[in-house]
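The block underneath contains the structure these notes are about, expressed in structure tokens.
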Amino acid sequence: MCRLIFSSDIFRAVDRWQIPFDDATCGTPTRTRKCLTCVCFKRKGSYERIGINLTSQQEERLRRLKHRMKVHFDTSRMEHQEALKALWSATYPDQVLRGLVSEQWKDMGWQGRDPSTDFRGAGFISLENLLFFAKIFSTSFQHLLKKQGGKRAAWEYPFAVAGLNITFMLMQMLDLDSAKPRAFVRAVFLQMLSENEWAFDLLYCVAFMIMDKQWLERNATYMEFNDVLKSTRDQLEKELLMDDVLRIEDMPSYSLLC
């Protein structure tokens with residue numbers, strides 16, 4: 001079991017393409033007023049309403065995350081091109097990338113020579129998530145990329161495209177833009193985000209590990225990917241609603257990360 005201790009200083013020290021809260025995504029942050037946000041938690045079979053006094057910094061974290069989710073990948077933006085190059089360097093540090101359109105990208109699990117055509121609904125945040133995973137949990141990232149461990153299917157899931165699907169699944173599960181939230185897991189996550197601005201990115205890494213674990217347990221093939229993704233979401237929701245899970249790091253499956 002591998003556990004890491006996180007601080008905002010550690011994350012900011014990686015480099016600007018770890019989680020770029022700058023012009024590539026959110027622009028210049030603006031301060032918002034303090035407010036009392038009431039969220040609901042399911043604990044021991046009953047629903048409990050808890051008031052959270054969000055500071056302007058915490059409100060800004062939520063605003064930034066929602067904005068990140070709306071940014072489309074744009075090949076004409078230099079920042080987005082550089083993010084792709086950074087992902088390649090983090091994934092294959094000893095291999096020179098021949099171009100943003102290249103057969104090399106297929107080795108990472110993109111569908112074709114041009115990875116920009118795969119983003120679609122997941123947007124730029126899905127690239128940020130992959131890069132975050134590659135830099136912060138490089139051992140786990142490489143383990144999944146190379147399909148190490150367990151009995152693997154002849155028709156495996158494509159790594160990068162699977163990552164994009166995980167981002168999209170998390171966006172649907174958390175439903176942060178909804179005026180009338182349908183799930184208590186959203187409220188639990190908002191509390192986690194108020195405590196840790198990297199909560200979504202950490203949850204992404206946990207989700208990827210759960211997905212691969214369930215893939216192996218099912219001895220799944222690519223045709224079963226959607227079923228595995230659904231069971232991954234079910235497991236995430238189950239763990240997030242556990243009584244003793246107050247942070248992403250408290251989730252049982254967090255221990256899968258190295």
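By convention in this document, the chains of the structure tokens carry letters A, B, ... by their order, each chain's residues are numbered from 1, and ligands are numbered from 1 in the order they are shown.
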Just the residues within 12 Å of Ala199 (chain A), please, counting only C-alpha atoms, with nothing from its chain fewer than 3 positions along; format it as a PyMOL selection string. chain A and resi 6-8+19+61-62+65+129+132+170+174+188-196+202-206+240+246-251
Contact residues around Ala162 (chain A) with only C-alpha atoms at 9 Å, ignoring same-chain residues under 4 positions, as a list in words: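 Answer for this query is Gly109, Tyr157, Pro158, Ile166, Thr167, Phe208 and Phe225 of chain A.
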Excluding Gln81 (chain A) and any residue of its chain fewer than 3 positions from it, enumerate the residues within 12 Å of it, using only C-alpha atoms, and give them as a list in words.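 What passes the distance filter is Trp17, Ala24, Phe73, Asp74, Thr75, Ser76, Arg77, Met78, Leu84, Lys85, Ala86, Leu87, Trp88, Gly99, Leu100, Val101, Asp114, Pro115, Ser116, Phe124 and Leu127 of chain A.
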From A:Ser56, A:Ser126, A:Gln142, A:Ser255, residue lying nearest Met108 (chain A) [only C-alpha atoms]: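 Among the listed residues, the smallest separation from Met108 (chain A) belongs to A:Gln142.
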Need to verify the contact set: Ser89 (chain A), 12 Å, only C-alpha atoms, exclusion of same-chain residues closer than 2 positions in sequence. Can you return it as JSON, numbers by chain? {"A": [17, 82, 83, 84, 85, 86, 87, 91, 92, 93, 94, 95, 96, 97, 98, 105, 108, 131, 134, 135]}
Rounded to one decimal place, report the CA of Met211 (chain A)-CA of Ala90 (chain A) distance in Å.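 Interatomic distance here is 21.7 Å.
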Can you tell me which residues surround Asp227 (chain A) at a distance of at most 12 Å, considering only C-alpha atoms, apart from same-chain residues fewer than 5 positions away, and format the answer as an MDAnalysis selection string? chainID A and resid 211 214:215 218 220:222 232:234
Find the distance between CA of Leu256 (chain A) and CA of Phe168 (chain A) and write it in Å to one decimal. 21.5 Å
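The space between CA of Pro252 (chain A) and CA of Asp177 (chain A) spans 27.4 Å.
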Quick one: DSSP alpha helix (DSSP H) residues in region 156-223 of chain A, as a ChimeraX atom specification? /A:159-174,184-195,199-218
Convert the current residue selection to file output with C-alpha atoms, as a compact mmCIF listing (two decimals), in the first residue's frame.
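Writing the result to part21.txt gives the following:
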```txt
# COMPACT_ATOMS: atom_id res chain seq x y z
CA PHE A 159 -5.54 3.63 -21.81
CA ALA A 160 -5.90 7.30 -22.81
CA VAL A 161 -9.44 6.98 -24.14
CA ALA A 162 -10.43 5.14 -20.96
CA GLY A 163 -9.07 8.11 -19.01
CA LEU A 164 -11.28 10.50 -20.96
CA ASN A 165 -14.31 8.33 -20.25
CA ILE A 166 -13.50 8.33 -16.53
CA THR A 167 -13.39 12.12 -16.48
CA PHE A 168 -16.77 12.30 -18.21
CA MET A 169 -18.23 9.72 -15.81
CA LEU A 170 -17.08 11.76 -12.80
CA MET A 171 -18.59 14.93 -14.24
CA GLN A 172 -21.92 13.16 -14.62
CA MET A 173 -21.74 11.58 -11.17
CA LEU A 174 -20.98 14.83 -9.33
CA PHE A 184 -25.92 13.11 -1.91
CA VAL A 185 -22.52 12.15 -3.24
CA ARG A 186 -22.38 15.63 -4.79
CA ALA A 187 -22.77 17.24 -1.37
CA VAL A 188 -20.09 15.00 0.11
CA PHE A 189 -17.72 15.93 -2.68
CA LEU A 190 -18.36 19.65 -2.22
CA GLN A 191 -17.22 19.35 1.38
CA MET A 192 -14.10 17.50 0.23
CA LEU A 193 -13.41 20.19 -2.36
CA SER A 194 -13.73 22.88 0.28
CA GLU A 195 -10.95 21.14 2.20
CA ALA A 199 -10.21 16.70 -4.77
CA PHE A 200 -11.52 16.14 -8.30
CA ASP A 201 -8.09 15.22 -9.64
CA LEU A 202 -7.43 12.84 -6.75
CA LEU A 203 -10.85 11.26 -7.22
CA TYR A 204 -9.99 10.74 -10.89
CA CYS A 205 -6.86 8.79 -9.96
CA VAL A 206 -8.79 6.64 -7.50
CA ALA A 207 -11.47 6.01 -10.13
CA PHE A 208 -8.88 4.87 -12.69
CA MET A 209 -7.44 2.38 -10.20
CA ILE A 210 -10.88 1.03 -9.32
CA MET A 211 -11.77 0.68 -12.99
CA ASP A 212 -8.63 -1.33 -13.74
CA LYS A 213 -9.11 -3.51 -10.65
CA GLN A 214 -12.68 -4.33 -11.63
CA TRP A 215 -11.58 -4.92 -15.21
CA LEU A 216 -9.20 -7.61 -14.01
CA GLU A 217 -11.65 -9.13 -11.55
CA ARG A 218 -14.23 -9.51 -14.33
```
Quick one: pick out all strand (DSSP E) residues within region 44-201 of chain A from a backbone DSSP run and write them as a list in words.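 Answer for region 44-201 of chain A, restricted to strand (DSSP E): Ser46, Tyr47, Glu48, Arg49, Ile50, Gly51, Ile52, Asn53 and Leu54 of chain A.
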Nearest to Ser253 (chain A) among A:Ala153, A:Gln148, A:Leu236, A:Leu241, with distances taken over only C-alpha atoms: which residue is it?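 For Ser253 (chain A), the nearest of the given residues is A:Leu236.
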